[in-house]
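Undergrad: Shown below is the structure under consideration.
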Amino acid sequence: MKIYPIPMVPGPVKVARQVLDAYQINYGSADMEAEFLELYNQTEANLKTILSTRNQVVIQSGEGMLALWSALKSCLVPGDRVLSIATGVFGDGIGDMAASIGADVRKISLPNNETIADMDEIKSTIETFNPKMITVVHCETPSGTLNPIAELGHAKKKLGVPLLYVDAVSSIGGSPVLTDEWNIDLCLGGSQKCLSSLPDMAFLSVSDAAWEIIDQVGYAGYSALKPFRKAQAEHYFPCTPNWHGVAGLNAGAELIIDEGLSNSFCRHEINAQYCRNQIEEMGLTLFPASDAIPAPTVTAVNVPQEISWQEFDAKLRREGLVVAGSYGPMTNKVFRLGHMGTQADKNLVTQALEVIRKVINQLT
Ligand SMILES: *Cc1c(COP(=O)(O)O)cnc(C)c1O
């Protein structure tokens with residue numbers, strides 16, 4: 001196995017020591033032991049703090065995509081109208097996922113390098129289409145962009161849309177996610193991004209309005225949310241919980257809470273700004289459009305014209321740096337530095353930038 005000294009992939013990130021330690025224990029049965037329930041409740045409380053919410057937070061075993069699916073399947077029945085706002089690969093994919101379970105999906109699609117700016121089309125579509133759910137992505141990881149959610153949440157409330165679904169998997173912990181203030185009903189997260197844990201846990205906050213709908217829909221598949229509504233009160237989970245995974249996720253959440261939420265946001269912002277400045281100073285160009293909001297957790301950069309992505313990637317790896325490519329129309333054209341969680345570290349970012357500068361200088 002190859003271990004890269006400079007890991008900069010935007011998830012899964014370098015796992016924190018405290019998280020790894022949480023896995024070195026032979027826990028008992030999560031279904032039987034009161035200690036597990038205490039840990040689960042503690043983890044929920046920590047996630048509520050990070051998500052700025054009073055809503056219940058459900059913690060499931062599986063990676064981030066699980067939360068994306070469980071929220072859709074538990075809230076939608078065929079024919080339900082979904083307004084899918086897509087500014088990137090995940091936003092677009094969520095619309096397709098909703099369509100695959102029979103929803104009547106209307107997409108508002110922006111170019112991958114843009115973020116939501118104009119609310120007029122969104123508001124008028126809400127008024128004419130009358131959706132049951134709006135879906136949107138906070139941080140579009142493949143594009144390195146961050147959508148503003150506040151105004152959308154305001155419109156959702158004002159125009160009486162029952163559900164706002166927000167994929168905040170790659171921003172939670174690294175950027176303010178104001179779940180209640182932004183009227184988010186389903187705020188989705190994963191363990192392997194800013195929480196610096198293994199890719200084995202998914203979580204989401206569920207508003208009271210969403211619980212009502214989940215109960216009515218009554219979805220009963222493996223990913224169903226409904227059994228979680230009373231799981232803590234009855235210490236009865238729909239399947240054996242992953243004690244290691246919850247302990248790891250909690251250790252990751254506590255790292256951020258101990259640091260202080262605003263300190264964590266600040267650390268991410270400073271590293272992102274530094275990264276973007278240095279990238280531009282080298283003569284490279286950022287992928288997000290100049291009027292788009294760049295993400296504080298991941299920087300997307302155009303692959304230099306003089307070299308293919310494959311060759312560039314190989315050269316970086318030879319110097320000990322691993323970055324990520326991108327997806328969809330950005331495949332082979334964009335590379336990404338994930339400065340999130342443990343990797344939002346000035347030392348690491350500096351080392352990564354030094355390698356990139358060295359490789360770029362060899363090209364000319
Ligand atoms: C990482 C990520 C997910 C979850 O994907 P995984 O398959 O769990 O890695 C979902 N949405 C966004 C925006 C992400 O960055």
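Ordered as shown in the structure tokens, chains take letters A, B, and onward, while each chain numbers its residues from 1 and ligands are numbered from 1 in the order shown.
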Can you tell me which residues come within 6 Å of ligand 1 when counting only C-alpha atoms and all ligand atoms, ideally as a ChimeraX atom specification?
TA: /A:63-65,90,139-141,167,169-170
Undergrad: Sorted by chain and rising residue number, list the residues of segment 95-192 of chain A at most 10 Å from segment 66-87 of chain A (counting only C-alpha atoms), each with its closest atom pair and distance in Å to one decimal, as JSON lines.
TA:
{"residue": "A:Gly95", "atom": "CA", "partner": "A:Ser84", "partner_atom": "CA", "distance": 5.2}
{"residue": "A:Asp96", "atom": "CA", "partner": "A:Ser84", "partner_atom": "CA", "distance": 8.9}
{"residue": "A:Met97", "atom": "CA", "partner": "A:Trp69", "partner_atom": "CA", "distance": 7.7}
{"residue": "A:Ala98", "atom": "CA", "partner": "A:Leu72", "partner_atom": "CA", "distance": 6.5}
{"residue": "A:Ala99", "atom": "CA", "partner": "A:Val82", "partner_atom": "CA", "distance": 8.6}
{"residue": "A:Ser100", "atom": "CA", "partner": "A:Pro78", "partner_atom": "CA", "distance": 9.2}
{"residue": "A:Ile101", "atom": "CA", "partner": "A:Pro78", "partner_atom": "CA", "distance": 6.4}
{"residue": "A:Gly102", "atom": "CA", "partner": "A:Pro78", "partner_atom": "CA", "distance": 4.1}
{"residue": "A:Ala103", "atom": "CA", "partner": "A:Gly79", "partner_atom": "CA", "distance": 4.8}
{"residue": "A:Asp104", "atom": "CA", "partner": "A:Arg81", "partner_atom": "CA", "distance": 4.7}
{"residue": "A:Val105", "atom": "CA", "partner": "A:Val82", "partner_atom": "CA", "distance": 4.8}
{"residue": "A:Arg106", "atom": "CA", "partner": "A:Leu83", "partner_atom": "CA", "distance": 5.0}
{"residue": "A:Lys107", "atom": "CA", "partner": "A:Ser84", "partner_atom": "CA", "distance": 4.7}
{"residue": "A:Ile108", "atom": "CA", "partner": "A:Ile85", "partner_atom": "CA", "distance": 4.9}
{"residue": "A:Ser109", "atom": "CA", "partner": "A:Ala86", "partner_atom": "CA", "distance": 4.7}
{"residue": "A:Leu110", "atom": "CA", "partner": "A:Thr87", "partner_atom": "CA", "distance": 4.8}
{"residue": "A:Pro111", "atom": "CA", "partner": "A:Thr87", "partner_atom": "CA", "distance": 6.0}
{"residue": "A:Asn112", "atom": "CA", "partner": "A:Thr87", "partner_atom": "CA", "distance": 5.3}
{"residue": "A:Asn113", "atom": "CA", "partner": "A:Thr87", "partner_atom": "CA", "distance": 7.5}
{"residue": "A:Glu114", "atom": "CA", "partner": "A:Thr87", "partner_atom": "CA", "distance": 6.4}
{"residue": "A:Thr115", "atom": "CA", "partner": "A:Thr87", "partner_atom": "CA", "distance": 6.2}
{"residue": "A:Ile116", "atom": "CA", "partner": "A:Thr87", "partner_atom": "CA", "distance": 7.4}
{"residue": "A:Ile122", "atom": "CA", "partner": "A:Ile85", "partner_atom": "CA", "distance": 8.3}
{"residue": "A:Thr125", "atom": "CA", "partner": "A:Leu83", "partner_atom": "CA", "distance": 8.2}
{"residue": "A:Ile126", "atom": "CA", "partner": "A:Leu83", "partner_atom": "CA", "distance": 7.6}
{"residue": "A:Phe129", "atom": "CA", "partner": "A:Arg81", "partner_atom": "CA", "distance": 7.6}
{"residue": "A:Asn130", "atom": "CA", "partner": "A:Arg81", "partner_atom": "CA", "distance": 7.3}
{"residue": "A:Pro131", "atom": "CA", "partner": "A:Arg81", "partner_atom": "CA", "distance": 4.7}
{"residue": "A:Lys132", "atom": "CA", "partner": "A:Arg81", "partner_atom": "CA", "distance": 5.5}
{"residue": "A:Met133", "atom": "CA", "partner": "A:Val82", "partner_atom": "CA", "distance": 4.9}
{"residue": "A:Ile134", "atom": "CA", "partner": "A:Leu83", "partner_atom": "CA", "distance": 4.7}
{"residue": "A:Thr135", "atom": "CA", "partner": "A:Ser84", "partner_atom": "CA", "distance": 4.8}
{"residue": "A:Val136", "atom": "CA", "partner": "A:Ile85", "partner_atom": "CA", "distance": 5.2}
{"residue": "A:Val137", "atom": "CA", "partner": "A:Ala86", "partner_atom": "CA", "distance": 7.5}
{"residue": "A:His138", "atom": "CA", "partner": "A:Thr87", "partner_atom": "CA", "distance": 9.7}
{"residue": "A:Cys139", "atom": "CA", "partner": "A:Thr87", "partner_atom": "CA", "distance": 9.8}
{"residue": "A:Glu140", "atom": "CA", "partner": "A:Thr87", "partner_atom": "CA", "distance": 7.4}
{"residue": "A:Ser143", "atom": "CA", "partner": "A:Thr87", "partner_atom": "CA", "distance": 8.6}
{"residue": "A:Thr145", "atom": "CA", "partner": "A:Thr87", "partner_atom": "CA", "distance": 8.7}
{"residue": "A:Leu146", "atom": "CA", "partner": "A:Thr87", "partner_atom": "CA", "distance": 9.6}
{"residue": "A:Asn147", "atom": "CA", "partner": "A:Thr87", "partner_atom": "CA", "distance": 8.2}
{"residue": "A:Leu163", "atom": "CA", "partner": "A:Cys75", "partner_atom": "CA", "distance": 8.9}
{"residue": "A:Leu164", "atom": "CA", "partner": "A:Leu83", "partner_atom": "CA", "distance": 9.7}
{"residue": "A:Tyr165", "atom": "CA", "partner": "A:Ala71", "partner_atom": "CA", "distance": 8.0}
{"residue": "A:Val166", "atom": "CA", "partner": "A:Leu68", "partner_atom": "CA", "distance": 9.0}
{"residue": "A:Asp167", "atom": "CA", "partner": "A:Leu68", "partner_atom": "CA", "distance": 7.2}
{"residue": "A:Val169", "atom": "CA", "partner": "A:Ala67", "partner_atom": "CA", "distance": 9.3}
{"residue": "A:Asp185", "atom": "CA", "partner": "A:Ala71", "partner_atom": "CA", "distance": 10.0}
{"residue": "A:Leu186", "atom": "CA", "partner": "A:Ala71", "partner_atom": "CA", "distance": 7.0}
{"residue": "A:Cys187", "atom": "CA", "partner": "A:Ala67", "partner_atom": "CA", "distance": 9.0}
{"residue": "A:Leu188", "atom": "CA", "partner": "A:Ala67", "partner_atom": "CA", "distance": 6.0}
{"residue": "A:Gly189", "atom": "CA", "partner": "A:Ala67", "partner_atom": "CA", "distance": 7.1}
{"residue": "A:Gly190", "atom": "CA", "partner": "A:Ala67", "partner_atom": "CA", "distance": 7.8}
Undergrad: Between segment 241-276 of chain A and segment 12-33 of chain A, at 9 Å or less, what are the per-residue closest atom pairs and their distances in Å? Count only C-alpha atoms, order by chain and rising residue number, and return it as a Markdown table.
TA:
| residue | atom | partner | partner_atom | distance |
| --- | --- | --- | --- | --- |
| A:Pro241 | CA | A:Ala30 | CA | 5.9 |
| A:Asn242 | CA | A:Ala30 | CA | 7.3 |
| A:Trp243 | CA | A:Ala30 | CA | 6.0 |
| A:His244 | CA | A:Tyr23 | CA | 5.3 |
| A:Gly245 | CA | A:Tyr23 | CA | 7.7 |
| A:Ala247 | CA | A:Ala22 | CA | 5.8 |
| A:Gly248 | CA | A:Val19 | CA | 4.7 |
| A:Leu249 | CA | A:Val19 | CA | 7.2 |
| A:Asn250 | CA | A:Val19 | CA | 8.1 |
| A:Ala251 | CA | A:Val19 | CA | 5.3 |
| A:Gly252 | CA | A:Val19 | CA | 6.0 |
| A:Leu255 | CA | A:Gln18 | CA | 8.2 |
Undergrad: Rank A:His268, A:Lys157, A:Arg317, A:Lys2 by their smallest atom-to-atom distance to Ala209 of chain A, using only C-alpha atoms, and report the top residue only.
TA: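 With only C-alpha atoms as the atom set, the closest residue is A:Lys157.
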Undergrad: Quick check for you: according to DSSP on this backbone, which residues of segment 48-272 of chain A are classed as helix (DSSP H, G or I)? Reply as JSON, numbers by chain.
TA: {"A": [48, 49, 50, 51, 64, 65, 66, 67, 68, 69, 70, 71, 72, 73, 74, 75, 89, 90, 91, 92, 93, 94, 95, 96, 97, 98, 99, 100, 120, 121, 122, 123, 124, 125, 126, 127, 128, 129, 150, 151, 152, 153, 154, 155, 156, 157, 158, 208, 209, 210, 211, 212, 213, 214, 215, 216, 217, 226, 227, 228, 231, 232, 233, 234, 243, 244, 245, 246, 247, 248, 249, 250, 251, 252, 253, 254, 255, 256, 257, 258, 259, 261, 262, 263, 264, 265, 266, 267, 268, 269, 270, 271, 272]}
Undergrad: I'd like the neighbourhood of segment 348-359 of chain A as a ChimeraX atom specification, where a residue qualifies if any of its atoms comes within 12 Å (using only C-alpha atoms), though same-chain residues fewer than 4 positions away should be ignored.
TA: /A:4-9,14,267-268,270-284,297-299,301,303-304,306-307,311-323,335-344,363-364
Undergrad: Quick check, in Å to one decimal: how far apart do atom CA of Ser264 of chain A and atom CA of Gly174 of chain A lie?
TA: 6.1 Å
